[in-house]
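Encoded as structure tokens, the structure appears first; notes follow it.
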Amino acid sequence: NRKSVYEISALANGGRIVAYNDAHYGTVWTLITSGRGINMGDGWETRRRREPGADWVIVRLGHPGRIREVEVDTAHFRGNFPDRVSMQAALVRGIADDALESASVAWPLLLPEQKLSADAVHRFKDQVARLGPVSHLRMTIHPDGGVSRLRLIGTVARP
């Protein structure tokens, strides 16, 4: 049912990590797996930045959809959680995965920077822009840190 709301980013629903800039500890793939992380190794953690900038990951959704809610879980990350998170999203066609990094910086803002806290589930609904159908999402963590899970809740878009 295309009107049903479900986790359109989940690995089990076809979601995939297609690009990222750093995965110093743990593995980036766990971001879109089910459940909460069991420890810090069951999440995506980047190295500490000694220079300006931020870390990012790009997710291809299982199906193009309309994102209605975003969940960022920092489970087990207490002293090394990101200070803030922001997200951009777009409906992408005809761009190879290796070209997504440069394209993604110009995608529309889905979620403006939001403050994060240690070892917590952060849910954003009212802050999420209604962009229409999107197929890819870029999550940026400012400046660095660890995220256990990322969930994008929405409806499948009609082709």
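Numbering starts fresh at 1 for the residues of each chain in the structure tokens, the chains themselves are lettered A, B, ... in the order given, and ligands are numbered from 1 as they appear.
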Contact residues around stretch 32-43 of chain A with only C-alpha atoms at 9 Å, ignoring same-chain residues under 3 positions, as a JSON list (two decimals) with N, CA, C and O atoms, in the first residue's frame:
[["chain", "number", "residue", "atom", "x", "y", "z"],
["A", 9, "SER", "N", 14.20, 3.90, 4.58],
["A", 9, "SER", "CA", 15.66, 3.85, 4.53],
["A", 9, "SER", "C", 16.22, 2.50, 4.97],
["A", 9, "SER", "O", 17.40, 2.23, 4.76],
["A", 10, "ALA", "N", 15.41, 1.65, 5.56],
["A", 10, "ALA", "CA", 15.89, 0.42, 6.19],
["A", 10, "ALA", "C", 16.58, -0.52, 5.19],
["A", 10, "ALA", "O", 16.12, -0.69, 4.07],
["A", 11, "LEU", "N", 17.66, -1.13, 5.63],
["A", 11, "LEU", "CA", 18.36, -2.13, 4.85],
["A", 11, "LEU", "C", 17.39, -3.24, 4.44],
["A", 11, "LEU", "O", 17.38, -3.68, 3.29],
["A", 12, "ALA", "N", 16.53, -3.63, 5.36],
["A", 12, "ALA", "CA", 15.55, -4.69, 5.08],
["A", 12, "ALA", "C", 14.53, -4.29, 4.02],
["A", 12, "ALA", "O", 13.91, -5.15, 3.40],
["A", 15, "GLY", "N", 17.07, -0.17, 1.44],
["A", 15, "GLY", "CA", 17.95, 0.98, 1.61],
["A", 15, "GLY", "C", 19.41, 0.56, 1.53],
["A", 15, "GLY", "O", 19.76, -0.57, 1.88],
["A", 16, "ARG", "N", 20.26, 1.47, 1.06],
["A", 16, "ARG", "CA", 21.69, 1.17, 0.91],
["A", 16, "ARG", "C", 22.52, 2.41, 1.24],
["A", 16, "ARG", "O", 22.13, 3.52, 0.89],
["A", 17, "ILE", "N", 23.66, 2.20, 1.85],
["A", 17, "ILE", "CA", 24.65, 3.25, 2.02],
["A", 17, "ILE", "C", 25.44, 3.28, 0.73],
["A", 17, "ILE", "O", 25.99, 2.26, 0.31],
["A", 25, "TYR", "N", 35.65, 4.04, 13.07],
["A", 25, "TYR", "CA", 35.31, 2.95, 13.99],
["A", 25, "TYR", "C", 33.97, 2.37, 13.57],
["A", 25, "TYR", "O", 33.15, 3.04, 12.95],
["A", 26, "GLY", "N", 33.70, 1.15, 13.96],
["A", 26, "GLY", "CA", 32.41, 0.53, 13.63],
["A", 26, "GLY", "C", 32.26, 0.40, 12.13],
["A", 26, "GLY", "O", 33.22, 0.36, 11.39],
["A", 27, "THR", "N", 31.01, 0.33, 11.70],
["A", 27, "THR", "CA", 30.74, 0.24, 10.26],
["A", 27, "THR", "C", 29.53, 1.08, 9.92],
["A", 27, "THR", "O", 28.53, 1.08, 10.63],
["A", 28, "VAL", "N", 29.62, 1.79, 8.83],
["A", 28, "VAL", "CA", 28.56, 2.69, 8.39],
["A", 28, "VAL", "C", 27.27, 1.93, 8.05],
["A", 28, "VAL", "O", 26.18, 2.46, 8.18],
["A", 29, "TRP", "N", 27.38, 0.66, 7.65],
["A", 29, "TRP", "CA", 26.21, -0.12, 7.24],
["A", 29, "TRP", "C", 25.21, -0.33, 8.37],
["A", 29, "TRP", "O", 24.01, -0.48, 8.11],
["A", 59, "VAL", "N", 22.58, 7.95, 1.75],
["A", 59, "VAL", "CA", 21.73, 6.75, 1.76],
["A", 59, "VAL", "C", 20.82, 6.77, 0.54],
["A", 59, "VAL", "O", 20.18, 7.79, 0.26],
["A", 73, "ASP", "N", 19.55, 8.11, 16.23],
["A", 73, "ASP", "CA", 19.78, 7.48, 17.53],
["A", 73, "ASP", "C", 21.28, 7.51, 17.83],
["A", 73, "ASP", "O", 22.08, 7.00, 17.06],
["A", 74, "THR", "N", 21.64, 8.10, 18.96],
["A", 74, "THR", "CA", 23.04, 8.15, 19.39],
["A", 74, "THR", "C", 23.31, 7.15, 20.51],
["A", 74, "THR", "O", 24.18, 7.37, 21.36],
["A", 75, "ALA", "N", 22.58, 6.03, 20.52],
["A", 75, "ALA", "CA", 22.73, 5.01, 21.57],
["A", 75, "ALA", "C", 24.20, 4.66, 21.79],
["A", 75, "ALA", "O", 24.94, 4.41, 20.84],
["A", 76, "HIS", "N", 24.60, 4.66, 23.06],
["A", 76, "HIS", "CA", 25.94, 4.29, 23.53],
["A", 76, "HIS", "C", 27.01, 5.33, 23.23],
["A", 76, "HIS", "O", 28.14, 5.18, 23.70],
["A", 77, "PHE", "N", 26.70, 6.36, 22.46],
["A", 77, "PHE", "CA", 27.67, 7.41, 22.20],
["A", 77, "PHE", "C", 27.44, 8.52, 23.23],
["A", 77, "PHE", "O", 26.48, 9.27, 23.13],
["A", 146, "GLY", "N", 29.59, 9.88, 16.64],
["A", 146, "GLY", "CA", 29.00, 8.57, 16.42],
["A", 146, "GLY", "C", 27.48, 8.59, 16.42],
["A", 146, "GLY", "O", 26.85, 9.25, 17.23],
["A", 147, "VAL", "N", 26.91, 7.84, 15.47],
["A", 147, "VAL", "CA", 25.46, 7.67, 15.36],
["A", 147, "VAL", "C", 25.19, 6.18, 15.27],
["A", 147, "VAL", "O", 25.81, 5.49, 14.47],
["A", 148, "SER", "N", 24.27, 5.71, 16.07],
["A", 148, "SER", "CA", 23.93, 4.29, 16.08],
["A", 148, "SER", "C", 22.98, 3.92, 14.95],
["A", 148, "SER", "O", 23.21, 2.96, 14.22],
["A", 149, "ARG", "N", 21.88, 4.66, 14.81],
["A", 149, "ARG", "CA", 20.88, 4.34, 13.79],
["A", 149, "ARG", "C", 20.31, 5.61, 13.17],
["A", 149, "ARG", "O", 20.19, 6.65, 13.81],
["A", 150, "LEU", "N", 19.91, 5.47, 11.91],
["A", 150, "LEU", "CA", 19.22, 6.51, 11.15],
["A", 150, "LEU", "C", 17.96, 5.89, 10.58],
["A", 150, "LEU", "O", 18.03, 4.84, 9.94],
["A", 151, "ARG", "N", 16.82, 6.51, 10.83],
["A", 151, "ARG", "CA", 15.56, 6.00, 10.29],
["A", 151, "ARG", "C", 14.83, 7.15, 9.58],
["A", 151, "ARG", "O", 14.67, 8.23, 10.12]]
Members of stretch 9-154 of chain A assigned strand (DSSP E) by DSSP, as a PyMOL selection string | chain A and resi 16-20+25-26+44-45+55-73+84-90+109-115+121-124+134-142+146-147+149-154
Nearest to A:Ile95, chosen from A:Thr155, A:Arg60, A:Asp22, A:Asp144, with only C-alpha atoms counted in the distances |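 Counting only C-alpha atoms, the residue closest to A:Ile95 is A:Arg60.
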Measuring atom to atom with only C-alpha atoms, identify which of A:Arg68, A:Arg138, A:Arg93, A:Arg84 is nearest to A:Gln114.
->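 Among the listed residues, the smallest separation from A:Gln114 belongs to A:Arg84.
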From the set A:Gln127, A:Ser102, A:Asn80, A:Asn21, which residue has the shortest atom-to-atom contact distance to A:Thr140, counting only C-alpha atoms?
-> A:Asn21
Pick the closest to A:Arg158 from A:Thr46, A:Ala120, A:Ala99, A:Gly65: which is it, counting only C-alpha atoms?
->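 Selected residue with least distance to A:Arg158: A:Gly65.
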Using only C-alpha atoms: which of A:Trp56, A:Tyr20, A:Trp44, A:Tyr6 has the shortest distance to A:His142 = A:Trp56
So, counting only C-alpha atoms, which residue among A:Glu113, A:Glu7, A:Asp97, A:Asp119 is closest to A:Arg66?
->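 The answer is A:Glu7, which sits nearest to A:Arg66.
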Step one, run DSSP on the backbone; step two, keep only residues of stretch 47-118 of chain A assigned to alpha helix (DSSP H); then write them as an NGL selection string.
-> :A and (100-104)
What is the distance between atom CA of A:Gly154 and atom CA of A:Ala90, in Å to one decimal?
->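 Atom CA of A:Gly154 sits 14.2 Å away from atom CA of A:Ala90.
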note - atom CA of A:Leu137 and atom CA of A:Met87 are separated by 6.8 Å
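In this structure, atom CA of A:Thr30 sits 23.4 Å away from atom CA of A:Gly53.
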